[in-house]
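Report on the structure given below.
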Amino acid sequence: MIWFNVCLLMFVPQDLFDALLRPPIENPNVSSIQFVLDESERERWNTQVKPKVKKCRGAETVQEPIWRDLDDNVSFILRGTENEQTDALLSFWGEPFMARTTRDVPRYIIHVTENSELIPQLRDIEREHRLQQT
């Protein structure tokens, strides 16, 4: 799994962490979870999210995040399967999709199926940022 440019604020409340991130961490079918995060999320990762991850069964599947200066307004989670099928959950920075706030804002997440032409584009975005020189 690749978690690209997500806001870690959603993982601060324990109940949201348990509902959103704990299931893939503890899923024995998930072999790797890689975050590609904006540098502004580093402190939140170290103080709020990483300690929760360490308490999960399967914590070793979570790789150290790749830190980048991300100006992209796109956020997504890519999930690949053994037979090379990939789907994604896609969102965008800015209301009504996603905002850095805890106030009640509608949230919209788009499910991108494995046959969509968007999947190769999302993979390219992730690969470009993951492989860029720091």
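As shown in the structure tokens, the chain order sets the letters A, B, ...; within each chain, residues go from 1, and ligands are also counted from 1 in the order they appear.
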Next on the checklist: Need the shell around Ala59 of chain A: protein/DNA/RNA residues with any atom at most 10 Å away, counting only C-alpha atoms. Skip same-chain ones fewer than 6 positions apart. Format as a list in words?
Outcome noted: Arg22, Pro24, Ile25, Glu26, Ser32, Ile33, Lys50, Lys52 and Val53 of chain A
Next on the checklist: For Leu20 of chain A, find every residue with an atom within 10 Å (counting only C-alpha atoms), except residues of its own chain fewer than 6 positions away, and show them as JSON, numbers by chain.
Outcome noted: {"A": [10, 11, 14]}
Find the residues near Ile125 of chain A: any atom within 10 Å, counting only C-alpha atoms, skip ones fewer than 6 places away on the same chain, and give them as a PDB file with N, CA and C atoms, in the first residue's frame.
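Contents of out.pdb, freshly written:
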```pdb
ATOM      1  N   PHE A   4      -0.186   8.422  -0.167  1.00  0.00           N
ATOM      2  CA  PHE A   4       0.474   9.574  -0.743  1.00  0.00           C
ATOM      3  C   PHE A   4      -0.205  10.873  -0.323  1.00  0.00           C
ATOM      4  N   ASP A  72       1.411  19.201  -4.356  1.00  0.00           N
ATOM      5  CA  ASP A  72       0.296  18.569  -5.060  1.00  0.00           C
ATOM      6  C   ASP A  72      -0.992  18.748  -4.273  1.00  0.00           C
ATOM      7  N   VAL A  74      -3.389  16.615  -4.695  1.00  0.00           N
ATOM      8  CA  VAL A  74      -3.977  15.281  -4.755  1.00  0.00           C
ATOM      9  C   VAL A  74      -3.458  14.434  -3.593  1.00  0.00           C
ATOM     10  N   ILE A 119      -5.214   5.016 -12.716  1.00  0.00           N
ATOM     11  CA  ILE A 119      -4.264   4.216 -11.932  1.00  0.00           C
ATOM     12  C   ILE A 119      -2.826   4.426 -12.402  1.00  0.00           C
TER      13      ILE A 119
END
```
Just list as a PDB file with C-alpha atoms, in the first residue's frame whatever in chain A DSSP marks as strand (DSSP E or B).
```pdb
ATOM      1  CA  ILE A   2       1.092   3.536  -0.772  1.00  0.00           C
ATOM      2  CA  TRP A   3      -0.372   6.420   1.223  1.00  0.00           C
ATOM      3  CA  PHE A   4       0.474   9.574  -0.743  1.00  0.00           C
ATOM      4  CA  ILE A  33       2.765   0.214   3.854  1.00  0.00           C
ATOM      5  CA  GLN A  34       4.719   3.174   2.523  1.00  0.00           C
ATOM      6  CA  PHE A  35       3.810   6.784   3.248  1.00  0.00           C
ATOM      7  CA  VAL A  36       4.967   9.603   0.985  1.00  0.00           C
ATOM      8  CA  LEU A  37       4.293  12.675   3.100  1.00  0.00           C
ATOM      9  CA  ASP A  38       4.754  16.392   3.058  1.00  0.00           C
ATOM     10  CA  VAL A  62       4.991   0.215   7.943  1.00  0.00           C
ATOM     11  CA  ILE A  66       9.457   9.328   2.503  1.00  0.00           C
ATOM     12  CA  TRP A  67       9.546  13.036   3.263  1.00  0.00           C
ATOM     13  CA  ARG A  68       9.048  15.527   0.436  1.00  0.00           C
ATOM     14  CA  VAL A  74      -3.977  15.281  -4.755  1.00  0.00           C
ATOM     15  CA  SER A  75      -3.991  12.645  -2.035  1.00  0.00           C
ATOM     16  CA  PHE A  76      -4.458   8.936  -2.549  1.00  0.00           C
ATOM     17  CA  ILE A  77      -4.038   5.440  -1.218  1.00  0.00           C
ATOM     18  CA  LEU A  78      -2.886   2.845  -3.754  1.00  0.00           C
ATOM     19  CA  ARG A  79      -3.532  -0.799  -3.024  1.00  0.00           C
ATOM     20  CA  GLY A  80      -1.973  -3.544  -5.085  1.00  0.00           C
ATOM     21  CA  THR A  86      -4.385  -2.009  -8.283  1.00  0.00           C
ATOM     22  CA  ASP A  87      -7.162   0.240  -7.092  1.00  0.00           C
ATOM     23  CA  ALA A  88      -7.061   3.538  -5.245  1.00  0.00           C
ATOM     24  CA  LEU A  89      -8.900   5.891  -2.960  1.00  0.00           C
ATOM     25  CA  LEU A  90      -8.467   9.416  -4.261  1.00  0.00           C
ATOM     26  CA  SER A  91      -9.126  12.781  -2.686  1.00  0.00           C
ATOM     27  CA  PHE A  92      -8.046  16.368  -3.196  1.00  0.00           C
ATOM     28  CA  TRP A  93      -6.745  19.023  -0.837  1.00  0.00           C
ATOM     29  CA  GLY A  94      -9.274  21.746  -0.244  1.00  0.00           C
ATOM     30  CA  MET A  98     -10.021  17.441   2.490  1.00  0.00           C
ATOM     31  CA  ILE A 110     -13.344   8.705  -4.936  1.00  0.00           C
ATOM     32  CA  HIS A 111     -12.835   4.977  -5.461  1.00  0.00           C
ATOM     33  CA  VAL A 112     -10.689   4.454  -8.554  1.00  0.00           C
TER      34      VAL A 112
END
```
Item to check | Pick from A:Val49, A:Pro65, A:Thr113, A:Glu60, whichever lies nearest to His129 of chain A using only C-alpha atoms | outcome: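 Selected residue with least distance to His129 of chain A: A:Pro65.
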